[in-house]
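What follows is the content of upload-v4.cif, which has mmCIF, C-alpha atoms:
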```
data_input
loop_
_atom_site.label_atom_id
_atom_site.label_comp_id
_atom_site.auth_asym_id
_atom_site.auth_seq_id
_atom_site.Cartn_x
_atom_site.Cartn_y
_atom_site.Cartn_z
CA MET A 260 21.16 -44.13 -35.70
CA LYS A 261 23.82 -43.06 -33.21
CA SER A 262 23.07 -39.38 -33.85
CA ILE A 263 19.36 -40.00 -33.23
CA LYS A 264 20.19 -41.66 -29.89
CA ILE A 265 22.34 -38.66 -28.88
CA ILE A 266 19.55 -36.23 -29.77
CA PHE A 267 17.09 -38.32 -27.74
CA ILE A 268 19.38 -38.32 -24.71
CA ILE A 269 19.87 -34.54 -24.93
CA LEU A 270 16.13 -33.97 -25.31
CA PHE A 271 15.31 -36.29 -22.39
CA THR A 272 17.90 -34.56 -20.19
CA PHE A 273 16.47 -31.14 -21.08
CA ILE A 274 12.89 -32.19 -20.36
CA PHE A 275 13.91 -33.83 -17.08
CA SER A 276 15.83 -30.75 -15.92
CA CYS A 277 12.95 -28.46 -16.81
CA SER A 278 10.51 -30.66 -14.91
CA GLN A 279 12.51 -30.38 -11.72
CA LYS A 280 11.15 -27.69 -9.44
CA PHE A 281 13.25 -26.33 -6.65
CA GLU A 282 11.60 -26.20 -3.25
CA LEU A 283 9.99 -22.88 -2.39
CA GLY A 284 12.19 -20.95 0.01
CA SER A 285 15.42 -22.52 -1.24
CA LYS A 286 18.29 -20.50 -2.70
CA ASN A 287 17.21 -21.46 -6.22
CA ASN A 288 13.56 -20.67 -5.55
CA PRO A 289 13.41 -17.92 -2.93
CA VAL A 290 10.22 -16.46 -1.51
CA GLU A 291 9.43 -13.43 -3.68
CA MET A 292 8.62 -10.37 -1.58
CA CYS A 293 7.42 -7.08 -3.10
CA PHE A 294 7.56 -3.70 -1.38
CA VAL A 295 5.56 -0.62 -2.33
CA PRO A 296 7.88 2.04 -3.84
CA TRP A 297 7.00 4.96 -1.57
CA MET A 298 10.63 6.08 -1.25
CA GLU A 299 13.75 5.78 -3.42
CA THR A 300 14.05 2.18 -4.63
CA GLY A 301 17.71 1.88 -3.64
CA LYS A 302 16.90 2.82 -0.04
CA ILE A 303 14.15 0.21 0.18
CA ILE A 304 16.46 -2.51 -1.16
CA THR A 305 19.24 -1.55 1.26
CA ARG A 306 16.97 -1.40 4.31
CA SER A 307 15.11 -4.58 3.43
CA LYS A 308 18.35 -6.63 3.37
CA LYS A 309 18.47 -6.63 7.17
CA LEU A 310 14.86 -7.77 7.28
CA THR A 311 15.34 -10.66 4.84
CA LYS A 312 18.55 -11.71 6.62
CA TYR A 313 16.61 -11.94 9.88
CA LEU A 314 13.72 -13.80 8.23
CA THR A 315 16.13 -16.33 6.74
CA GLU A 316 17.82 -16.91 10.08
CA ARG A 317 14.47 -17.35 11.84
CA THR A 318 12.64 -19.45 9.24
CA GLY A 319 15.37 -21.12 7.19
CA TYR A 320 13.79 -19.77 4.00
CA HIS A 321 15.54 -17.56 1.46
CA PHE A 322 13.92 -14.34 0.23
CA ARG A 323 14.28 -12.03 -2.75
CA VAL A 324 12.99 -8.46 -2.59
CA THR A 325 11.66 -6.67 -5.66
CA ILE A 326 10.24 -3.17 -6.08
CA PRO A 327 7.40 -3.02 -8.62
CA THR A 328 6.94 -0.20 -11.10
CA ASN A 329 3.19 -0.38 -10.54
CA TYR A 330 0.59 -2.22 -8.48
CA ALA A 331 -0.88 -4.00 -11.49
CA ALA A 332 2.36 -5.92 -12.01
CA VAL A 333 2.39 -7.08 -8.39
CA ILE A 334 -1.23 -8.17 -8.49
CA GLU A 335 -0.78 -10.09 -11.73
CA GLY A 336 2.38 -11.62 -10.24
CA MET A 337 0.35 -12.95 -7.33
CA GLY A 338 -1.94 -14.60 -9.85
CA THR A 339 0.93 -16.34 -11.63
CA GLU A 340 2.78 -17.19 -8.38
CA GLU A 341 5.69 -14.95 -9.35
CA VAL A 342 4.99 -12.86 -6.24
CA ASP A 343 4.51 -14.61 -2.90
CA ILE A 344 4.22 -11.74 -0.42
CA ALA A 345 3.41 -8.08 -1.05
CA TRP A 346 2.99 -4.92 0.98
CA LEU A 347 -0.20 -3.66 -0.70
CA PRO A 348 -2.34 -0.60 -0.04
CA PRO A 349 -6.02 -1.32 0.75
CA PHE A 350 -7.47 -0.81 -2.75
CA ALA A 351 -4.75 -2.95 -4.38
CA TYR A 352 -5.31 -5.69 -1.81
CA VAL A 353 -9.04 -5.75 -2.56
CA LEU A 354 -8.33 -6.25 -6.26
CA ALA A 355 -5.70 -8.93 -5.61
CA ASN A 356 -8.22 -10.74 -3.43
CA GLU A 357 -11.05 -10.46 -5.94
CA LYS A 358 -8.97 -11.50 -8.95
CA PHE A 359 -6.62 -14.10 -7.52
CA GLY A 360 -7.74 -14.97 -3.99
CA ALA A 361 -4.76 -13.27 -2.29
CA GLN A 362 -5.17 -13.07 1.48
CA VAL A 363 -4.19 -10.35 3.93
CA ALA A 364 -2.30 -11.64 6.96
CA LEU A 365 -1.07 -8.57 8.80
CA THR A 366 -1.98 -4.91 9.08
CA PRO A 367 0.83 -2.52 10.09
CA VAL A 368 0.33 -0.35 13.16
CA ARG A 369 1.70 3.20 13.19
CA LYS A 370 1.79 5.25 16.37
CA GLY A 371 -0.72 2.88 17.92
CA MET A 372 -3.16 3.15 15.01
CA LYS A 373 -4.17 0.45 12.54
CA LYS A 374 -6.51 2.86 10.76
CA TYR A 375 -6.38 6.34 9.27
CA LYS A 376 -8.73 8.72 7.47
CA GLY A 377 -8.88 11.00 4.49
CA GLU A 378 -9.12 14.75 5.16
CA PHE A 379 -10.64 17.68 3.25
CA LEU A 380 -8.45 20.79 3.40
CA VAL A 381 -9.10 24.40 2.43
CA ARG A 382 -7.26 27.67 2.98
CA SER A 383 -7.78 29.17 6.42
CA ASP A 384 -9.19 32.34 4.84
CA SER A 385 -11.63 30.36 2.70
CA ASP A 386 -15.39 30.70 3.08
CA ILE A 387 -15.68 26.91 2.73
CA ASP A 388 -16.47 25.66 6.24
CA ILE A 389 -18.36 22.39 5.76
CA LEU A 390 -18.42 19.65 3.14
CA ALA A 391 -21.66 20.97 1.63
CA ASP A 392 -19.76 24.14 0.66
CA ILE A 393 -17.64 22.06 -1.79
CA GLU A 394 -20.57 22.09 -4.23
CA GLY A 395 -19.31 23.65 -7.49
CA LYS A 396 -15.77 24.22 -6.16
CA THR A 397 -12.44 23.05 -7.57
CA ILE A 398 -11.09 20.02 -5.75
CA ALA A 399 -7.59 18.52 -5.98
CA TYR A 400 -7.37 14.80 -5.33
CA THR A 401 -4.05 13.03 -5.00
CA ASP A 402 -4.20 10.14 -7.45
CA ALA A 403 -6.97 7.94 -8.85
CA ALA A 404 -5.45 4.96 -7.01
CA SER A 405 -5.25 6.69 -3.61
CA THR A 406 -7.60 5.33 -0.95
CA SER A 407 -7.51 8.39 1.33
CA GLY A 408 -6.74 10.96 -1.35
CA TYR A 409 -9.47 10.02 -3.81
CA ILE A 410 -11.54 6.85 -3.38
CA PHE A 411 -12.93 7.50 0.12
CA PRO A 412 -13.33 11.30 -0.25
CA SER A 413 -15.04 11.12 -3.63
CA ALA A 414 -17.29 8.30 -2.42
CA LEU A 415 -18.33 10.39 0.60
CA LEU A 416 -19.19 13.40 -1.56
CA SER A 417 -21.13 11.16 -3.92
CA GLN A 418 -23.12 9.68 -1.03
CA MET A 419 -23.89 13.20 0.23
CA GLY A 420 -24.98 14.35 -3.22
CA ILE A 421 -22.24 16.99 -3.36
CA LYS A 422 -20.89 17.73 -6.83
CA PRO A 423 -17.60 19.65 -7.11
CA GLY A 424 -17.11 21.91 -10.10
CA LYS A 425 -13.67 21.06 -11.46
CA VAL A 426 -11.84 17.92 -10.34
CA TYR A 427 -8.22 17.02 -11.04
CA PHE A 428 -5.44 14.79 -9.77
CA ALA A 429 -2.45 16.65 -8.34
CA GLY A 430 -0.14 13.61 -8.28
CA GLY A 431 0.32 13.05 -4.55
CA HIS A 432 -0.71 14.12 -1.05
CA SER A 433 1.75 16.99 -0.82
CA GLN A 434 0.82 18.19 -4.30
CA ALA A 435 -2.91 18.24 -3.49
CA ILE A 436 -2.25 20.23 -0.32
CA LEU A 437 0.02 22.67 -2.14
CA ALA A 438 -2.69 23.21 -4.73
CA VAL A 439 -4.85 24.62 -1.94
CA TYR A 440 -1.99 26.49 -0.27
CA GLN A 441 -1.11 28.18 -3.59
CA ASN A 442 -4.75 28.96 -4.48
CA ARG A 443 -4.85 26.57 -7.43
CA ALA A 444 -7.69 24.58 -5.88
CA ASP A 445 -10.42 25.38 -3.39
CA VAL A 446 -10.23 21.98 -1.69
CA GLY A 447 -7.54 19.33 -1.37
CA CYS A 448 -7.70 15.75 -0.13
CA ALA A 449 -4.95 13.89 1.72
CA TYR A 450 -4.42 11.38 4.52
CA TRP A 451 -5.00 12.09 8.21
CA SER A 452 -3.97 10.38 11.45
CA PRO A 453 -4.59 11.71 14.97
CA PRO A 454 -1.92 14.04 16.37
CA SER A 455 0.71 12.36 18.53
CA LYS A 456 3.24 13.64 21.06
CA GLU A 457 5.39 14.44 18.01
CA GLY A 458 2.72 16.80 16.70
CA PRO A 459 0.21 16.68 13.80
CA GLN A 460 0.32 13.52 11.67
CA ASP A 461 -1.72 14.42 8.60
CA GLY A 462 -0.58 15.02 5.03
CA ARG A 463 0.71 18.51 5.77
CA LYS A 464 3.49 17.13 7.97
CA ALA A 465 5.67 16.40 4.93
CA LEU A 466 5.54 20.09 3.93
CA LEU A 467 6.57 21.64 7.24
CA GLN A 468 10.24 22.09 6.32
CA THR A 469 9.54 23.85 3.02
CA HIS A 470 6.31 25.57 4.09
CA PRO A 471 6.48 26.16 7.88
CA ASP A 472 3.17 28.06 7.84
CA ILE A 473 1.25 25.21 6.18
CA TYR A 474 -0.84 24.52 9.30
CA GLU A 475 -1.54 28.21 9.80
CA LYS A 476 -2.60 28.79 6.18
CA THR A 477 -4.85 25.72 5.81
CA LYS A 478 -7.67 24.13 7.81
CA ILE A 479 -9.52 20.82 7.84
CA ILE A 480 -13.26 20.94 7.16
CA GLY A 481 -14.10 17.24 7.18
CA TYR A 482 -12.95 13.63 7.26
CA THR A 483 -13.78 10.36 5.58
CA ASP A 484 -14.63 7.17 7.44
CA TRP A 485 -11.77 5.17 8.93
CA ILE A 486 -9.57 3.25 6.50
CA MET A 487 -7.56 0.19 7.46
CA ASN A 488 -3.80 0.62 7.01
CA ASP A 489 -1.95 -1.11 4.18
CA THR A 490 -1.45 -4.87 4.18
CA VAL A 491 1.04 -7.70 4.28
CA THR A 492 -0.59 -10.00 1.74
CA PHE A 493 0.17 -13.59 0.72
CA ARG A 494 -0.76 -15.11 -2.61
CA LYS A 495 -3.41 -17.80 -2.76
CA ASP A 496 -2.24 -21.32 -1.91
CA PHE A 497 0.99 -20.15 -0.28
CA PRO A 498 2.00 -23.07 2.00
CA ILE A 499 0.28 -22.63 5.37
CA GLU A 500 3.20 -23.79 7.49
CA MET A 501 5.62 -21.45 5.71
CA LYS A 502 3.13 -18.62 5.95
CA GLU A 503 2.75 -18.96 9.71
CA LYS A 504 6.53 -19.06 10.24
CA ILE A 505 7.01 -15.89 8.19
CA ILE A 506 4.14 -14.07 9.90
CA GLN A 507 5.52 -14.86 13.34
CA ALA A 508 9.03 -13.86 12.28
CA LEU A 509 7.75 -10.48 11.02
CA ILE A 510 5.97 -9.90 14.32
CA ASP A 511 9.03 -10.94 16.35
CA TYR A 512 11.36 -8.73 14.29
CA LEU A 513 9.71 -5.69 15.85
CA LYS A 514 10.60 -6.97 19.31
CA ILE A 515 14.33 -6.36 18.77
CA SER A 516 16.01 -2.97 18.40
CA GLU A 517 17.28 -3.61 14.87
CA GLY A 518 13.80 -4.60 13.71
CA ARG A 519 12.17 -1.54 15.22
CA GLU A 520 14.73 0.71 13.55
CA VAL A 521 14.53 -0.99 10.13
CA MET A 522 10.74 -1.11 9.95
CA LYS A 523 10.44 2.44 11.24
CA THR A 524 12.68 3.76 8.45
CA LEU A 525 11.26 1.37 5.86
CA TYR A 526 7.53 1.88 6.37
CA GLU A 527 7.14 3.71 9.71
CA ILE A 528 5.79 0.47 11.17
CA ASP A 529 5.71 0.14 14.97
CA ASP A 530 3.79 -3.12 15.22
CA TYR A 531 1.48 -5.54 13.39
CA VAL A 532 -1.99 -6.89 14.07
CA ARG A 533 -3.30 -10.05 12.47
CA SER A 534 -6.10 -9.21 10.09
CA THR A 535 -8.67 -10.83 7.83
CA ASP A 536 -10.25 -10.04 4.49
CA SER A 537 -13.44 -8.65 6.07
CA ASP A 538 -11.38 -5.89 7.71
CA TYR A 539 -11.15 -4.31 4.24
CA ASP A 540 -14.85 -4.35 3.39
CA GLY A 541 -14.90 -0.59 3.92
CA VAL A 542 -12.85 -0.18 0.75
CA ARG A 543 -15.32 -2.31 -1.18
CA LYS A 544 -18.23 -0.20 0.08
CA ALA A 545 -16.47 3.01 -0.96
CA LEU A 546 -15.90 1.63 -4.46
CA GLN A 547 -19.53 0.53 -4.66
CA ALA A 548 -20.60 4.06 -3.77
CA LEU A 549 -18.65 5.23 -6.80
CA GLY A 550 -20.32 2.61 -8.95
CA THR A 551 -17.02 0.96 -9.82
CA ASP A 552 -14.41 -1.54 -8.61
CA ALA A 553 -10.73 -1.52 -7.73
CA SER A 554 -9.51 -2.64 -11.17
CA LYS A 555 -10.25 0.79 -12.69
CA TYR A 556 -7.78 2.45 -10.33
CA ILE A 557 -4.81 0.15 -10.93
CA ARG A 558 -2.22 1.47 -13.37
#
```
Could you spell out this file's structure in structure tokens?
Amino acid sequence: MKSIKIIFIILFTFIFSCSQKFELGSKNNPVEMCFVPWMETGKIITRSKKLTKYLTERTGYHFRVTIPTNYAAVIEGMGTEEVDIAWLPPFAYVLANEKFGAQVALTPVRKGMKKYKGEFLVRSDSDIDILADIEGKTIAYTDAASTSGYIFPSALLSQMGIKPGKVYFAGGHSQAILAVYQNRADVGCAYWSPPSKEGPQDGRKALLQTHPDIYEKTKIIGYTDWIMNDTVTFRKDFPIEMKEKIIQALIDYLKISEGREVMKTLYEIDDYVRSTDSDYDGVRKALQALGTDASKYIR
């Protein structure tokens, strides 16, 4: 009888401890923040520590940064409340919204722009001068999940009734451009932003050091529609008061020198604008033009 009582006490204690839920934002239940792995993971973690330190000081909440191996994991995490905030590209945001009701809060601004485009590149000595000339040609897209390097460009060609000959994914913006530069593709697609005082700001910029004649040897023959920049997205049902404090802290971080330096090196962010779900309807329209939805491009 005594042993049964001991077992009951242990079981009750276990159930009670499991039922206790630490308050969101506490040390034992920090706000989970996911960053897109566009650079070396270690660098993102190191640079984000200053950001989370500032956010904790401003809001009183604790944060934990994670770097996902793929977008699908982040999106599913938002559905199970394992991810609270994520820096998501447009197509991934659309899927997170459609599947789990995630909501965009902020859109990063880079060099005064909250939008960018996709560009169609060919060699300067090519006889391809307009988009219609792409008919039957070999085109190198970046990746099936790239908004500017595949989804918007392919949707535009589809809407225009232009059918390339061979299509393949080069693996990234630089790779798609190099495919054209090295005569492995007739056309390449990549991102484009207007030139600034620092010079051109399209996908070729990353290749200038290794291929200084990249602008001389290639030319742009067309652009996609404007695409909203990536997002700062909150999961559905994230506490409104907490959300507003974090949003304001992110905006204010860019008003101090440390914040400007950290966010510039982390994501090249100069500012934020508040945004809503309807700002990303252009992505939905592009997917509709392809006769598909965002889920097919998440890996």
Can you give me, as a PDB file with C-alpha atoms, in the coordinates of the input, the residues this file yields under the PyMOL selection byres ((chain A and resi 334) around 12)?
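That gives us selection.pdb:
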```pdb
ATOM      1  CA  CYS A 293       7.420  -7.080  -3.100  1.00  0.00           C
ATOM      2  CA  VAL A 295       5.560  -0.620  -2.330  1.00  0.00           C
ATOM      3  CA  PRO A 327       7.400  -3.020  -8.620  1.00  0.00           C
ATOM      4  CA  THR A 328       6.940  -0.200 -11.100  1.00  0.00           C
ATOM      5  CA  ASN A 329       3.190  -0.380 -10.540  1.00  0.00           C
ATOM      6  CA  TYR A 330       0.590  -2.220  -8.480  1.00  0.00           C
ATOM      7  CA  ALA A 331      -0.880  -4.000 -11.490  1.00  0.00           C
ATOM      8  CA  ALA A 332       2.360  -5.920 -12.010  1.00  0.00           C
ATOM      9  CA  VAL A 333       2.390  -7.080  -8.390  1.00  0.00           C
ATOM     10  CA  GLU A 335      -0.780 -10.090 -11.730  1.00  0.00           C
ATOM     11  CA  GLY A 336       2.380 -11.620 -10.240  1.00  0.00           C
ATOM     12  CA  MET A 337       0.350 -12.950  -7.330  1.00  0.00           C
ATOM     13  CA  GLY A 338      -1.940 -14.600  -9.850  1.00  0.00           C
ATOM     14  CA  THR A 339       0.930 -16.340 -11.630  1.00  0.00           C
ATOM     15  CA  GLU A 340       2.780 -17.190  -8.380  1.00  0.00           C
ATOM     16  CA  GLU A 341       5.690 -14.950  -9.350  1.00  0.00           C
ATOM     17  CA  VAL A 342       4.990 -12.860  -6.240  1.00  0.00           C
ATOM     18  CA  ASP A 343       4.510 -14.610  -2.900  1.00  0.00           C
ATOM     19  CA  ILE A 344       4.220 -11.740  -0.420  1.00  0.00           C
ATOM     20  CA  ALA A 345       3.410  -8.080  -1.050  1.00  0.00           C
ATOM     21  CA  TRP A 346       2.990  -4.920   0.980  1.00  0.00           C
ATOM     22  CA  LEU A 347      -0.200  -3.660  -0.700  1.00  0.00           C
ATOM     23  CA  PRO A 348      -2.340  -0.600  -0.040  1.00  0.00           C
ATOM     24  CA  PHE A 350      -7.470  -0.810  -2.750  1.00  0.00           C
ATOM     25  CA  ALA A 351      -4.750  -2.950  -4.380  1.00  0.00           C
ATOM     26  CA  TYR A 352      -5.310  -5.690  -1.810  1.00  0.00           C
ATOM     27  CA  VAL A 353      -9.040  -5.750  -2.560  1.00  0.00           C
ATOM     28  CA  LEU A 354      -8.330  -6.250  -6.260  1.00  0.00           C
ATOM     29  CA  ALA A 355      -5.700  -8.930  -5.610  1.00  0.00           C
ATOM     30  CA  ASN A 356      -8.220 -10.740  -3.430  1.00  0.00           C
ATOM     31  CA  GLU A 357     -11.050 -10.460  -5.940  1.00  0.00           C
ATOM     32  CA  LYS A 358      -8.970 -11.500  -8.950  1.00  0.00           C
ATOM     33  CA  PHE A 359      -6.620 -14.100  -7.520  1.00  0.00           C
ATOM     34  CA  GLY A 360      -7.740 -14.970  -3.990  1.00  0.00           C
ATOM     35  CA  ALA A 361      -4.760 -13.270  -2.290  1.00  0.00           C
ATOM     36  CA  GLN A 362      -5.170 -13.070   1.480  1.00  0.00           C
ATOM     37  CA  THR A 492      -0.590 -10.000   1.740  1.00  0.00           C
ATOM     38  CA  PHE A 493       0.170 -13.590   0.720  1.00  0.00           C
ATOM     39  CA  ARG A 494      -0.760 -15.110  -2.610  1.00  0.00           C
ATOM     40  CA  LYS A 495      -3.410 -17.800  -2.760  1.00  0.00           C
ATOM     41  CA  ALA A 553     -10.730  -1.520  -7.730  1.00  0.00           C
ATOM     42  CA  SER A 554      -9.510  -2.640 -11.170  1.00  0.00           C
ATOM     43  CA  ILE A 557      -4.810   0.150 -10.930  1.00  0.00           C
ATOM     44  CA  ARG A 558      -2.220   1.470 -13.370  1.00  0.00           C
TER      45      ARG A 558
END
```
_Ground truth for the PyMOL selection byres ((chain A and resi 475-488) around 9), written as a ChimeraX atom specification_ = /A:348-349,366-369,372-385,387-390,406-407,411-412,414-415,436,439-440,451,471-474,489-490,538-539,541-542
*How many Å separate CA of Tyr512 in chain A from CA of Leu314 in chain A?*
8.2 Å
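With CA of Arg543 in chain A on one side and CA of Ser405 in chain A on the other, the separation reads 13.7 Å.
The shortest atom-to-atom distance to Leu509 in chain A, with all atoms listed in the file taken into account, belongs to A:Glu316 out of A:Glu291, A:Asp392, A:Asp445, A:Glu316.
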*CA of Ala449 in chain A and CA of Gly550 in chain A, how far apart in Å?*
21.8 Å
_Evaluate the PyMOL selection byres ((chain A and resi 426) around 10) against this structure - the residues, as a VMD selection string, please._
chain A and resid 395 to 400 422 to 425 427 to 429 444 446
*asked:* Can you tell me which residues surround Leu525 in chain A at a distance of at most 9 Å, considering only C-alpha atoms, apart from same-chain residues fewer than 2 positions away, and format the answer as a ChimeraX atom specification?
replied: /A:298,302-303,306-307,520-523,527-528
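Restricting the calculation to all atoms listed in the file, the smallest distance between Asp530 in chain A and any of A:Cys448, A:Leu513, A:Leu416, A:Ile506 is found for A:Leu513.
When only C-alpha atoms are used to compute distances to Tyr531 in chain A, the closest of the residues A:Lys370, A:Lys312, A:Arg463, A:His470 turns out to be A:Lys370.
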